[in-house]
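Report on the structure given below.
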Amino acid sequence: MEPQSPALRQLVEDIRTDGPRATEDFWRHTATPLVEPDPDNPAYRLVTFLWRDDPADPATDVLALLHTVTDKDRHARDLSPHLMEKVPGTDVWAISHRLRADHRASYQFFVARGPREETLRTDREAWLRVLDAAVPDPLGTGPSLPAKDGRHPSSVLELPDAPAQKWAPPRSEVARGERVEAEVDGRPVSVHLPAGHRAGNGSYAVAVLLDGEMWGPVLGFGDTLDNLHAEQRIPPTVTLLVHTMGRDRRVTDLSCSEEFVDWLADVLLPWAAEAYGATGDPARTVVAGQSAGGLTAAFAAFRRPERFGNALSQSGSFWWPDGTEFDSGSEWLTRQYAVREKLPVRFRLEVGLQEWMLLPQNRHLRDVLRARGYEVDYHEFNGGHDYACWRGGLASGLAGLLGS
């Protein structure tokens with residue numbers, strides 16, 4: 001089958017005339033992934049992911065794992081569209097995707113050395129093995145995304161029209177804040193204090209970030225907070241990165257749990273006020289989360305609006321049913337907002353265009369909130385259920401909700 005990529009078609013031609021030297025020249029002059037114009041639409045790009053085979057231990061197959069795009073096909077029980085093909089006579093494995101020019105996604109490779117039927121298994125056990133063995137792009141030229149729990153990091157594809165994430169990289173000229181590791185009522189909490197922080201004055205805005213073990217120790221979101229403070233995009237803010245205490249506890253806490261939200265409001269926030277001078281003003285308090293955390297951020301504003309005046313939800317799991325319902329499309333929280341009197345809270349909602357399982361529900365919540373008169377800052381990004389996208393949206397969301 002002829003490669004889609006013009007660069008690979010040229011490689012095939014060069015091999016006919018120059019032999020193995022053509023492959024060496026190709027790798028010497030190629031940045032990965034290959035990003036080329038789409039011949040039919042200037043709003044798209046032809047993106048070709050490349051893997052270089054190891055002659056000492058050649059692969060039988062290679063899967064290119066593009067976040068959420070591959071997951072969708074895995075849920076449909078067909079991983080074959082993500083099998084890379086080897087260019088004959090070379091050590092080049094390749095696969096091309098036609099993607100809109102504002103796409104951003106993390107990606108990895110799974111290098112298989114065994115029967116194809118094993119590589120293409122889509123059951124949970126097999127998929128977890130794939131994720132555990134997946135590796136970043138060793139030749140990638142883009143940014144990377146760290147991972148927790150000992151898994152390999154990911155590489156990040158950022159096409160030219162993807163929204164800028166200018167606050168993410170650390171800046172040498174910016175004053176550094178301080179990160180304090182604490183324990184509140186038995187739960188780990190990473191606290192980021194702005195540069196020049198003085199305890200006890202009660203004037204600091206406060207942001208509560210769920211899944212804090214990702215945003216603090218893994219992703220280093222403190223650099224972003226320092227940059228936002230330096231540009232005065234947010235006021236001096238005490239940021240509380242609340243750790244998840246294992247998968248089972250996360251499911252319990254981040255499923256519209258009244259107990260957990262009350263703990264945030266009645267234990268965590270008063271502790272931060274006493275220890276670090278965090279405000280008690282709900283209008284200067286943000287609760288933020290992703291996925292089930294996004295659901296919980298919106299629920300916190302619903303249950304305790306006198307403490308949480310701003311909810312920042314990224315890819316919120318608004319399909320969630322409460323314990324009395326068994327329909328995964330029930331959208332329990334959206335229905336509560338539809339029937340309750342308007343509360344004094346504001347929202348920032350965002351969701352990825354690739355999130356087939358969440359996009360309709362997030363649009364529905366947006367429409368319900370606006371119909372009820374809420375202030376809703378709503379965004380759709382061209383990406384998936386992915387920290388590579390969320391880290392930019394979290395910064396923009398905090399600036400929008402806390403900034404003047």
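Just remember, in the structure tokens the first chain shown is A, the second B, etc., residues are 1-based per chain, and ligands are 1-based in the order shown.
Near Thr23 (chain A), within 10 Å and counting only C-alpha atoms, sit Leu11, Val12, Asp14, Ile15, Asp18, Gly19, Pro20, Arg21, Asp25, Phe26, Trp27, Arg28, Gly89, Thr90, Asp91 and Val92 of chain A; same-chain residues fewer than 2 positions away were not included.
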Nearby residues (only C-alpha atoms) at most 10 Å from Leu398 (chain A), same-chain spacing under 4 positions excluded, as a ChimeraX atom specification: /A:207,225,228,233-234,286-288,310-312,348,393-394,402-403
Please, could you write that set of residues out with N, CA, C and O atoms as a JSON list (two decimals), in the first residue's frame?
```json
[["chain", "number", "residue", "atom", "x", "y", "z"],
["A", 207, "ALA", "N", -7.64, 28.71, 45.45],
["A", 207, "ALA", "CA", -8.03, 27.76, 44.41],
["A", 207, "ALA", "C", -7.85, 26.35, 44.94],
["A", 207, "ALA", "O", -6.79, 26.02, 45.47],
["A", 225, "LEU", "N", 1.38, 28.63, 37.90],
["A", 225, "LEU", "CA", 0.86, 29.58, 38.88],
["A", 225, "LEU", "C", 1.81, 30.76, 39.06],
["A", 225, "LEU", "O", 1.39, 31.92, 39.13],
["A", 228, "LEU", "N", 1.41, 33.04, 36.07],
["A", 228, "LEU", "CA", 0.15, 33.79, 36.15],
["A", 228, "LEU", "C", 0.25, 34.92, 37.17],
["A", 228, "LEU", "O", -0.24, 36.03, 36.93],
["A", 233, "ARG", "N", -2.18, 37.95, 36.02],
["A", 233, "ARG", "CA", -3.39, 37.39, 35.43],
["A", 233, "ARG", "C", -4.32, 36.85, 36.50],
["A", 233, "ARG", "O", -5.51, 36.68, 36.26],
["A", 234, "ILE", "N", -3.75, 36.50, 37.65],
["A", 234, "ILE", "CA", -4.56, 36.15, 38.82],
["A", 234, "ILE", "C", -3.99, 36.92, 40.00],
["A", 234, "ILE", "O", -2.80, 37.26, 40.02],
["A", 286, "VAL", "N", -12.15, 29.36, 43.98],
["A", 286, "VAL", "CA", -12.40, 28.49, 42.81],
["A", 286, "VAL", "C", -12.18, 27.05, 43.22],
["A", 286, "VAL", "O", -11.21, 26.73, 43.92],
["A", 287, "VAL", "N", -13.04, 26.17, 42.79],
["A", 287, "VAL", "CA", -12.80, 24.73, 42.89],
["A", 287, "VAL", "C", -12.73, 24.20, 41.47],
["A", 287, "VAL", "O", -13.58, 24.51, 40.62],
["A", 288, "ALA", "N", -11.68, 23.42, 41.17],
["A", 288, "ALA", "CA", -11.40, 22.99, 39.80],
["A", 288, "ALA", "C", -11.11, 21.51, 39.76],
["A", 288, "ALA", "O", -10.47, 20.95, 40.66],
["A", 310, "ASN", "N", -17.05, 29.86, 42.46],
["A", 310, "ASN", "CA", -16.57, 29.66, 41.10],
["A", 310, "ASN", "C", -16.23, 28.19, 40.90],
["A", 310, "ASN", "O", -15.48, 27.61, 41.70],
["A", 311, "ALA", "N", -16.75, 27.60, 39.83],
["A", 311, "ALA", "CA", -16.49, 26.20, 39.51],
["A", 311, "ALA", "C", -15.82, 26.12, 38.14],
["A", 311, "ALA", "O", -16.33, 26.66, 37.16],
["A", 312, "LEU", "N", -14.68, 25.42, 38.10],
["A", 312, "LEU", "CA", -13.93, 25.25, 36.86],
["A", 312, "LEU", "C", -13.94, 23.75, 36.54],
["A", 312, "LEU", "O", -13.30, 22.97, 37.23],
["A", 348, "ARG", "N", -16.77, 28.04, 34.59],
["A", 348, "ARG", "CA", -15.94, 27.87, 33.41],
["A", 348, "ARG", "C", -16.01, 26.39, 33.06],
["A", 348, "ARG", "O", -15.61, 25.53, 33.85],
["A", 393, "GLY", "N", -5.92, 24.71, 29.64],
["A", 393, "GLY", "CA", -7.25, 25.17, 30.00],
["A", 393, "GLY", "C", -7.38, 25.51, 31.46],
["A", 393, "GLY", "O", -8.14, 26.43, 31.83],
["A", 394, "LEU", "N", -6.67, 24.80, 32.33],
["A", 394, "LEU", "CA", -6.71, 25.12, 33.76],
["A", 394, "LEU", "C", -6.14, 26.50, 34.02],
["A", 394, "LEU", "O", -6.70, 27.29, 34.78],
["A", 402, "LEU", "N", -10.57, 34.19, 38.39],
["A", 402, "LEU", "CA", -9.97, 34.96, 39.48],
["A", 402, "LEU", "C", -9.43, 36.31, 39.03],
["A", 402, "LEU", "O", -9.25, 37.21, 39.86],
["A", 403, "GLY", "N", -9.12, 36.45, 37.73],
["A", 403, "GLY", "CA", -8.54, 37.70, 37.25],
["A", 403, "GLY", "C", -9.53, 38.84, 37.29],
["A", 403, "GLY", "O", -10.75, 38.65, 37.35]]
```
Atom pair CA of Pro360 (chain A) / CA of Trp390 (chain A): separation (Å): 18.5 Å
Long-range neighbours of Asp57 (chain A) as a list in words, 12 Å cut-off, only C-alpha atoms, 5 positions minimum in chain: Arg52, Asp91, Val111, Ala112, Arg113 and Gly114 of chain A
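Residue nearest Ala162 (chain A) within the list A:Ala43, A:Glu355, A:Asp102, A:Arg307: A:Asp102 [criterion: smallest interatomic distance, only C-alpha atoms].
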DSSP-assigned strand (DSSP E) members of region 163-368 of chain A, reported as a VMD selection string: chain A and resid 178 to 184 187 to 193 205 to 209 237 to 242 285 to 290 310 to 314 346 to 352
Test item: residues at most 6 Å from Val242 (chain A), only C-alpha atoms, excluding those fewer than 6 positions along its chain, as a ChimeraX atom specification: /A:189,210,212
Nearest residue to Glu231 (chain A) from the set A:Leu139, A:Ala399, A:Leu99, A:Leu193 (distances using only C-alpha atoms): A:Ala399
Spatial neighbours of Ala195 (chain A), 8 Å, only C-alpha atoms, chain gap at least 2 places, as number ranges by chain: A: 175-178, 193, 197, 226
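Each of A:Arg116, A:His192, A:Arg104, A:Arg247 was checked against Leu79 (chain A) using only C-alpha atoms; the smallest atom-to-atom distance is that of A:Arg116.
Closest approach to Pro160 (chain A) from the set A:Pro282, A:Gly142, A:Pro344, A:Pro236 is made by A:Gly142, with distances taken over only C-alpha atoms.
Of the residues under consideration (A:Gln336, A:Ser315, A:Ser203, A:Thr70), A:Ser203 shows the shortest atom-to-atom contact distance to Tyr276 (chain A) when counting only C-alpha atoms.
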